[in-house]
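Novice: entry06.txt (compact mmCIF, C-alpha atoms) pasted underneath:
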# COMPACT_ATOMS: atom_id res chain seq x y z
CA MET S 1127 29.70 -19.21 0.12
CA ALA S 1128 26.05 -18.61 -0.81
CA GLU S 1129 25.37 -16.99 -4.17
CA ALA S 1130 24.14 -13.42 -3.96
CA ASN S 1131 20.48 -12.73 -4.60
CA PRO S 1132 19.87 -11.99 -8.27
CA THR S 1133 19.25 -8.38 -9.07
CA LEU S 1134 15.92 -7.25 -10.42
CA ARG S 1135 17.47 -6.67 -13.84
CA ARG S 1136 18.82 -10.22 -13.92
CA ARG S 1137 15.39 -11.61 -13.09
CA GLN S 1138 13.79 -9.53 -15.81
CA LEU S 1139 16.38 -10.75 -18.33
CA ALA S 1140 15.93 -14.36 -17.24
CA THR S 1141 12.17 -14.14 -17.71
CA ARG S 1142 12.51 -12.72 -21.21
CA LEU S 1143 15.04 -15.34 -22.30
CA ARG S 1144 12.74 -18.08 -21.05
CA GLU S 1145 9.82 -16.55 -22.97
CA LEU S 1146 11.90 -16.43 -26.16
CA ARG S 1147 12.94 -20.07 -25.81
CA LYS S 1148 9.36 -21.20 -25.32
CA ALA S 1149 8.17 -19.09 -28.24
CA ALA S 1150 10.82 -20.82 -30.38
CA ARG S 1151 9.50 -24.21 -29.12
CA LEU S 1152 12.91 -25.35 -27.99
CA SER S 1153 13.73 -27.45 -24.96
CA ILE S 1154 16.47 -26.55 -22.52
CA GLU S 1155 18.41 -29.57 -23.76
CA GLU S 1156 18.16 -28.44 -27.38
CA VAL S 1157 19.37 -24.95 -26.51
CA ALA S 1158 22.25 -26.34 -24.44
CA HIS S 1159 23.31 -28.51 -27.39
CA SER S 1160 23.28 -25.50 -29.74
CA LEU S 1161 25.19 -23.34 -27.26
CA GLU S 1162 27.58 -26.22 -26.46
CA CYS S 1163 26.99 -26.02 -22.73
CA SER S 1164 25.20 -28.03 -20.06
CA PRO S 1165 21.39 -27.92 -19.67
CA ALA S 1166 22.02 -26.87 -16.07
CA LYS S 1167 23.60 -23.62 -17.29
CA ILE S 1168 20.51 -22.73 -19.35
CA SER S 1169 18.23 -23.63 -16.47
CA ARG S 1170 20.16 -21.47 -14.02
CA ILE S 1171 20.15 -18.55 -16.45
CA GLU S 1172 16.37 -18.82 -16.87
CA THR S 1173 15.78 -18.93 -13.13
CA ALA S 1174 18.18 -16.01 -12.54
CA ARG S 1175 20.38 -18.20 -10.36
CA ARG S 1176 23.42 -17.25 -12.38
CA GLY S 1177 24.36 -14.24 -14.40
CA VAL S 1178 24.76 -14.31 -18.15
CA ILE S 1179 27.37 -12.44 -20.16
CA PRO S 1180 26.33 -10.33 -23.16
CA ARG S 1181 28.01 -12.75 -25.58
CA ASP S 1182 25.84 -15.64 -24.36
CA VAL S 1183 22.75 -13.43 -24.59
CA ARG S 1184 23.67 -12.62 -28.19
CA ASP S 1185 24.08 -16.32 -29.01
CA LEU S 1186 20.82 -17.26 -27.28
CA CYS S 1187 18.93 -14.55 -29.15
CA GLN S 1188 20.35 -15.89 -32.41
CA ILE S 1189 19.16 -19.40 -31.53
CA TYR S 1190 15.71 -18.06 -30.64
CA GLY S 1191 15.41 -15.92 -33.76
CA ALA S 1192 15.12 -12.63 -31.85
CA GLY S 1193 15.42 -9.39 -33.82
CA GLN S 1194 18.39 -7.07 -33.66
CA ALA S 1195 16.65 -4.44 -31.53
CA GLU S 1196 15.61 -6.94 -28.89
CA THR S 1197 19.01 -8.62 -28.96
CA GLU S 1198 20.72 -5.29 -28.27
CA THR S 1199 18.24 -4.51 -25.49
CA LEU S 1200 18.84 -7.86 -23.79
CA MET S 1201 22.61 -7.56 -24.13
CA ARG S 1202 22.41 -4.16 -22.46
CA MET S 1203 20.32 -5.70 -19.69
CA ALA S 1204 23.02 -8.35 -19.18
CA ARG S 1205 25.61 -5.62 -18.66
CA GLU S 1206 23.31 -3.76 -16.27
CA ALA S 1207 22.33 -6.87 -14.31
CA ARG S 1208 25.33 -6.57 -11.99
CA GLN S 1209 23.96 -3.32 -10.60
CA PRO S 1210 21.29 -3.71 -7.86
CA GLY S 1211 18.17 -1.66 -8.27
CA TRP S 1212 16.37 -0.38 -11.31
CA TRP S 1213 14.07 2.43 -12.30
CA GLN S 1214 11.52 3.35 -14.91
CA THR S 1215 10.09 6.69 -15.95
CA TYR S 1216 6.65 7.47 -14.56
CA ASP S 1217 5.09 7.63 -18.02
CA ASP S 1218 6.58 4.29 -19.08
CA PRO S 1219 3.66 2.33 -20.58
CA ASP S 1220 5.40 -0.97 -19.87
CA PHE S 1221 4.39 -1.71 -16.27
CA ARG S 1222 5.10 -5.44 -16.61
CA LEU S 1223 8.13 -5.22 -14.34
CA TYR S 1224 6.12 -4.17 -11.28
CA ILE S 1225 3.19 -6.45 -12.13
CA GLY S 1226 5.56 -9.40 -12.39
CA LEU S 1227 7.01 -8.65 -8.97
CA GLU S 1228 3.53 -8.23 -7.53
CA ALA S 1229 2.55 -11.67 -8.83
CA GLU S 1230 5.71 -13.28 -7.37
CA ALA S 1231 5.46 -11.73 -3.92
CA SER S 1232 4.22 -13.64 -0.88
CA SER S 1233 3.60 -10.46 1.12
CA ILE S 1234 3.08 -6.87 -0.01
CA THR S 1235 3.09 -3.84 2.28
CA ILE S 1236 1.93 -0.56 0.77
CA TYR S 1237 2.19 2.80 2.50
CA ASP S 1238 0.63 5.83 0.82
CA THR S 1239 0.35 9.42 1.90
CA CYS S 1240 -1.70 10.83 -0.98
CA ALA S 1241 -4.00 8.28 -2.60
CA VAL S 1242 -5.61 4.88 -2.32
CA PRO S 1243 -3.09 2.44 -3.86
CA GLY S 1244 -3.72 1.21 -7.40
CA ILE S 1245 -4.45 -2.38 -6.33
CA LEU S 1246 -7.55 -1.14 -4.43
CA GLN S 1247 -8.76 1.60 -6.77
CA THR S 1248 -12.11 1.84 -8.51
CA SER S 1249 -12.13 2.70 -12.21
CA ASP S 1250 -13.41 6.25 -11.65
CA TYR S 1251 -10.86 6.96 -8.92
CA ALA S 1252 -8.05 5.51 -11.06
CA ARG S 1253 -9.11 7.64 -14.01
CA ALA S 1254 -9.14 10.80 -11.86
CA ILE S 1255 -5.71 10.05 -10.39
CA ILE S 1256 -4.04 9.26 -13.70
CA ARG S 1257 -5.58 12.27 -15.43
CA ALA S 1258 -4.41 14.56 -12.63
CA VAL S 1259 -0.84 13.26 -12.67
CA LEU S 1260 -0.61 13.13 -16.48
CA PRO S 1261 -2.98 15.87 -17.73
CA GLU S 1262 -1.83 15.49 -21.36
CA ILE S 1263 -2.30 11.72 -21.49
CA ASP S 1264 -4.07 10.33 -24.56
CA GLU S 1265 -7.54 8.99 -23.79
CA SER S 1266 -6.76 5.53 -25.20
CA VAL S 1267 -3.64 5.27 -23.06
CA LEU S 1268 -5.63 6.40 -20.04
CA LEU S 1269 -8.20 3.67 -20.63
CA ASP S 1270 -5.46 1.05 -20.97
CA ARG S 1271 -3.93 2.10 -17.68
CA VAL S 1272 -7.24 2.05 -15.85
CA GLU S 1273 -7.94 -1.40 -17.25
CA THR S 1274 -4.49 -2.59 -16.11
CA ARG S 1275 -5.15 -1.39 -12.57
CA LEU S 1276 -8.47 -3.20 -12.44
CA LYS S 1277 -6.95 -6.37 -13.87
CA ARG S 1278 -4.30 -6.32 -11.15
CA GLN S 1279 -7.09 -6.78 -8.61
CA GLU S 1280 -7.51 -10.35 -9.88
CA LEU S 1281 -4.42 -11.06 -7.78
CA LEU S 1282 -6.51 -10.50 -4.66
CA ARG S 1283 -9.08 -13.07 -5.82
CA GLN S 1284 -6.64 -15.92 -6.42
CA ALA S 1285 -6.81 -19.13 -4.39
CA THR S 1286 -3.54 -18.32 -2.63
CA PRO S 1287 -3.07 -14.54 -2.95
CA PRO S 1288 -0.21 -12.64 -1.31
CA HIS S 1289 -1.10 -10.92 1.92
CA HIS S 1290 -1.58 -7.18 1.45
CA LEU S 1291 -1.03 -4.74 4.29
CA VAL S 1292 -2.20 -1.31 3.14
CA ILE S 1293 -1.26 1.57 5.44
CA LEU S 1294 -2.90 4.88 4.60
CA ASP S 1295 -2.14 8.29 5.97
CA GLU S 1296 -5.47 9.77 7.07
CA SER S 1297 -5.04 12.56 4.51
CA VAL S 1298 -5.84 9.99 1.80
CA LEU S 1299 -9.39 9.74 3.16
CA HIS S 1300 -9.97 13.48 3.11
CA ARG S 1301 -8.57 14.28 -0.34
CA PRO S 1302 -11.66 14.42 -2.64
CA VAL S 1303 -10.19 12.80 -5.74
CA GLY S 1304 -12.78 12.93 -8.53
CA GLY S 1305 -15.42 14.52 -6.31
CA ALA S 1306 -17.69 13.31 -3.51
CA GLU S 1307 -19.44 10.52 -5.43
CA VAL S 1308 -16.17 9.03 -6.68
CA MET S 1309 -14.69 9.21 -3.18
CA HIS S 1310 -17.73 7.59 -1.60
CA ASP S 1311 -17.54 4.68 -4.02
CA GLN S 1312 -13.77 4.41 -3.52
CA LEU S 1313 -13.85 4.33 0.27
CA THR S 1314 -16.73 1.86 0.18
CA HIS S 1315 -14.55 -0.26 -2.11
CA VAL S 1316 -11.65 -0.12 0.37
CA ILE S 1317 -13.91 -1.23 3.21
CA GLU S 1318 -15.09 -4.19 1.12
CA TRP S 1319 -11.52 -5.22 0.30
CA ALA S 1320 -10.63 -5.00 4.00
CA GLU S 1321 -13.16 -7.75 4.72
CA LEU S 1322 -10.90 -10.27 2.97
CA THR S 1323 -8.65 -12.29 5.28
CA HIS S 1324 -5.57 -11.56 3.18
CA VAL S 1325 -6.11 -7.78 2.99
CA THR S 1326 -5.43 -5.60 6.02
CA VAL S 1327 -6.06 -1.86 5.89
CA ARG S 1328 -4.75 0.45 8.59
CA VAL S 1329 -4.95 4.22 8.94
CA VAL S 1330 -2.30 6.48 10.45
CA PRO S 1331 -4.39 9.25 12.08
CA PHE S 1332 -3.60 12.96 11.92
CA SER S 1333 -3.13 12.96 15.69
CA VAL S 1334 0.26 11.20 15.52
CA GLY S 1335 1.89 14.24 13.91
CA ALA S 1336 5.19 13.76 12.05
CA HIS S 1337 6.65 10.28 11.69
CA MET S 1338 9.20 8.27 9.73
CA GLY S 1339 6.95 7.84 6.68
CA PHE S 1340 5.71 11.42 6.78
CA ASN S 1341 6.77 12.37 3.24
CA SER S 1342 7.55 9.17 1.37
CA ALA S 1343 5.14 6.58 0.01
CA PHE S 1344 6.55 3.16 -0.88
CA THR S 1345 5.74 -0.51 -1.40
CA LEU S 1346 7.71 -3.44 0.00
CA LEU S 1347 7.38 -6.69 -1.94
CA GLU S 1348 8.64 -9.73 -0.01
CA MET S 1349 9.45 -13.05 -1.67
CA ASP S 1350 9.31 -16.59 -0.27
CA ASP S 1351 12.26 -17.78 -2.36
CA PRO S 1352 15.42 -17.16 -0.28
CA THR S 1353 17.49 -16.84 -3.46
CA VAL S 1354 15.38 -13.90 -4.67
CA SER S 1355 15.77 -10.52 -3.03
CA ASP S 1356 12.88 -8.48 -1.70
CA VAL S 1357 12.20 -5.22 -3.54
CA ALA S 1358 11.02 -1.79 -2.43
CA TYR S 1359 9.17 0.27 -5.03
CA VAL S 1360 9.22 4.06 -4.62
CA GLU S 1361 7.50 6.52 -6.97
CA SER S 1362 8.33 10.16 -7.57
CA ILE S 1363 6.90 12.70 -10.00
CA THR S 1364 9.15 11.61 -12.89
CA ARG S 1365 10.21 8.04 -12.18
CA ALA S 1366 9.80 4.90 -10.12
CA ASP S 1367 12.76 3.27 -8.34
CA TYR S 1368 13.20 -0.41 -7.54
CA LEU S 1369 15.42 -0.73 -4.46
CA GLU S 1370 17.19 -3.96 -3.52
CA LYS S 1371 20.19 -2.99 -1.40
CA PRO S 1372 20.00 -4.41 2.17
CA ALA S 1373 20.46 -0.96 3.70
CA GLU S 1374 17.58 0.47 1.64
CA LEU S 1375 15.28 -2.43 2.51
CA ALA S 1376 16.19 -2.10 6.19
CA VAL S 1377 15.01 1.53 6.18
CA CYS S 1378 11.70 0.50 4.61
CA ARG S 1379 11.19 -2.28 7.16
CA GLU S 1380 11.89 0.08 10.04
CA ALA S 1381 9.42 2.59 8.60
CA ILE S 1382 6.79 -0.15 8.39
CA ARG S 1383 7.48 -1.19 11.98
CA GLN S 1384 6.97 2.38 13.18
CA LEU S 1385 3.90 2.95 11.01
CA LYS S 1386 2.25 -0.20 12.37
CA ALA S 1387 2.92 1.01 15.90
CA LEU S 1388 1.32 4.40 15.16
CA ALA S 1389 -1.62 3.27 13.01
CA LEU S 1390 -5.10 2.47 14.24
CA ASP S 1391 -5.76 -1.24 14.49
CA PRO S 1392 -7.61 -2.84 11.54
CA GLU S 1393 -11.06 -2.63 13.12
CA ALA S 1394 -10.65 0.99 14.22
CA SER S 1395 -9.21 1.85 10.81
CA VAL S 1396 -12.28 0.55 9.00
CA LEU S 1397 -14.47 2.52 11.38
CA ARG S 1398 -12.47 5.68 10.66
CA ILE S 1399 -12.81 5.13 6.90
CA ALA S 1400 -16.56 4.58 7.26
CA GLU S 1401 -16.88 7.71 9.41
CA VAL S 1402 -15.12 9.89 6.83
CA ASN S 1403 -17.11 8.24 4.05
CA GLN S 1404 -20.36 9.46 5.56
CA ASN S 1405 -19.30 13.00 4.66
CA TYR S 1406 -19.12 12.06 0.99
CA ALA S 1407 -22.57 10.44 1.07
CA SER S 1408 -24.38 13.58 2.26
Take the structure in this file and express it as structure tokens.
Specialist:
Amino acid sequence: MAEANPTLRRRQLATRLRELRKAARLSIEEVAHSLECSPAKISRIETARRGVIPRDVRDLCQIYGAGQAETETLMRMAREARQPGWWQTYDDPDFRLYIGLEAEASSITIYDTCAVPGILQTSDYARAIIRAVLPEIDESVLLDRVETRLKRQELLRQATPPHHLVILDESVLHRPVGGAEVMHDQLTHVIEWAELTHVTVRVVPFSVGAHMGFNSAFTLLEMDDPTVSDVAYVESITRADYLEKPAELAVCREAIRQLKALALDPEASVLRIAEVNQNYAS
């Protein structure tokens, strides 16, 4: 019987345990000797191919010299790792979880009803979006978040980047985030990204009316590794959910199938974006 795909929480725990071991400059064999287990067990824990009980996490943290607070956090993660799916609050400054998934994915499909997705945003557009959603945000935190969004775009410039399919509701093009100049620069930026072979941008026009994705933006991150589950990322006003259950992923895939059938083709989509963009240039 095949082992179940590791949950997102298990993968996150595995990554952190591997980082702690490397920071302690210990080999897998040395850790296995200290824990009195096989090297294969440590390797499988670090690749999320097997779960790890809180007691083993505690012992590993002791070997690695982790502090009490981190040890307790990782032990809690071990208990939570049996539960598929995870979430984070919207104002959580630690966005490493999503960024890590983004870097692992072989294919990413983004559907948005309100804004250009973060991976394609300009700095001015990102600033306007973040400030609008979090009006009380500290300026230094705002700058950090804008910088993080821009840094994520390095993923699109890698030698073997994941393919990005970005599906935009047409309302995204008409919502003047930051004003006309910011919007003109942003839509020009989207058109430039769409010229890359691994970035496809499609627009769902107003004329289609209501549809399956009418009121719910989401991102589907698909992985090449068959032992690692795909993940759907869904934001709301207060939190972001990471969905892994097969039934949840099936709904997202069906929504994508319908959206692709309704959307303008890539060439017509770019033309529509350019047409709307002319209004911001005048």
Novice: Measure the distance from atom CA of Val1267 of chain S to atom CA of Arg1253 of chain S in Å and round it to one decimal.
Specialist: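 Atom CA of Arg1253 of chain S lies at a distance of 10.8 Å from atom CA of Val1267 of chain S.
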Novice: Please, what distance in Å, to one decimal, runs between atom CA of His1289 of chain S and atom CA of Val1396 of chain S?
Specialist: 17.5 Å
Novice: Around (11.5, 1.9, 8.2) in the file's frame, which residues reach within 12 Å when counting all atoms listed in the file? Return as a VMD selection string?
Specialist: chain S and resid 1235 1237 1337 to 1340 1342 to 1346 1358 1373 to 1387
Novice: Would you please work out which residue, of S:Arg1136, S:Leu1260, S:Arg1202, S:Leu1276, is nearest to Gly1177 of chain S when using all atoms listed in the file?
Specialist: S:Arg1136
Novice: Could you list, as a list in words, every residue within 10 Å of Gly1191 of chain S, counting only C-alpha atoms and ignoring same-chain residues fewer than 6 positions away?
Specialist: Leu1146, Arg1147, Ala1149, Ala1150, Asp1185 and Thr1197 of chain S
Novice: How many Å separate atom CA of Glu1273 of chain S from atom CA of Asn1403 of chain S?
Specialist: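 Spanning atom CA of Glu1273 of chain S to atom CA of Asn1403 of chain S is a straight-line distance of 25.1 Å.
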Novice: Between S:Ala1306, S:Ala1158, S:Leu1268, S:Val1325, which has the minimum distance to Arg1283 of chain S (counting only C-alpha atoms)?
Specialist: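 Smallest separation from Arg1283 of chain S among the options: S:Val1325.
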Novice: Within 7 Å of Val1298 of chain S, counting all atoms listed in the file, which residues show up once you throw out same-chain ones fewer than 6 positions away? Write them as a list of chain:residue names, please.
Specialist: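 With the cut-off at 7 Å, the set is S:Thr1239, S:Cys1240, S:Ala1241, S:Val1242.
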Novice: For Thr1326 of chain S, which residue among S:Ser1297, S:Arg1151, S:Tyr1251, S:Ser1233 is the nearest when counting all atoms listed in the file?
Specialist: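 For Thr1326 of chain S, the nearest of the candidates is S:Ser1233.
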Novice: Find the residues with any atom within 12 Å of (19.7, -17.6, -15.5); use only C-alpha atoms and the coordinates as given in the file, and write the answer as a VMD selection string.
Specialist: chain S and resid 1131 to 1133 1135 to 1144 1154 1165 to 1179 1182 to 1183 1186 1204 1207
Novice: Residues within 12 Å of Met1349 of chain S, please, as a VMD selection string. Count all atoms listed in the file; anything in the same chain fewer than 4 positions from it doesn't count.
Specialist: chain S and resid 1131 1226 to 1235 1288 to 1289 1353 to 1358
Novice: Just the residues within 9 Å of Val1402 of chain S, please, counting only C-alpha atoms, with nothing from its chain fewer than 3 positions along; format it as an MDAnalysis selection string.
Specialist: chainID S and resid 1299:1300 1313 1397:1399 1405:1406
Novice: Just checking: using all atoms listed in the file, which residue out of S:Ser1249, S:Arg1205, S:Glu1156, S:Cys1187 ends up closest to Gln1312 of chain S?
Specialist: S:Ser1249
Novice: Choose the residue, out of S:Leu1388, S:Ile1236, S:Ala1192, S:Glu1198, that has the smallest atom-to-atom separation from Val1330 of chain S; count all atoms listed in the file.
Specialist: S:Leu1388
Novice: Between S:Ala1400, S:Pro1372, S:Thr1199, S:Arg1184, which has the minimum distance to Glu1318 of chain S (counting all atoms listed in the file)?
Specialist: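 Smallest separation from Glu1318 of chain S among the options: S:Ala1400.
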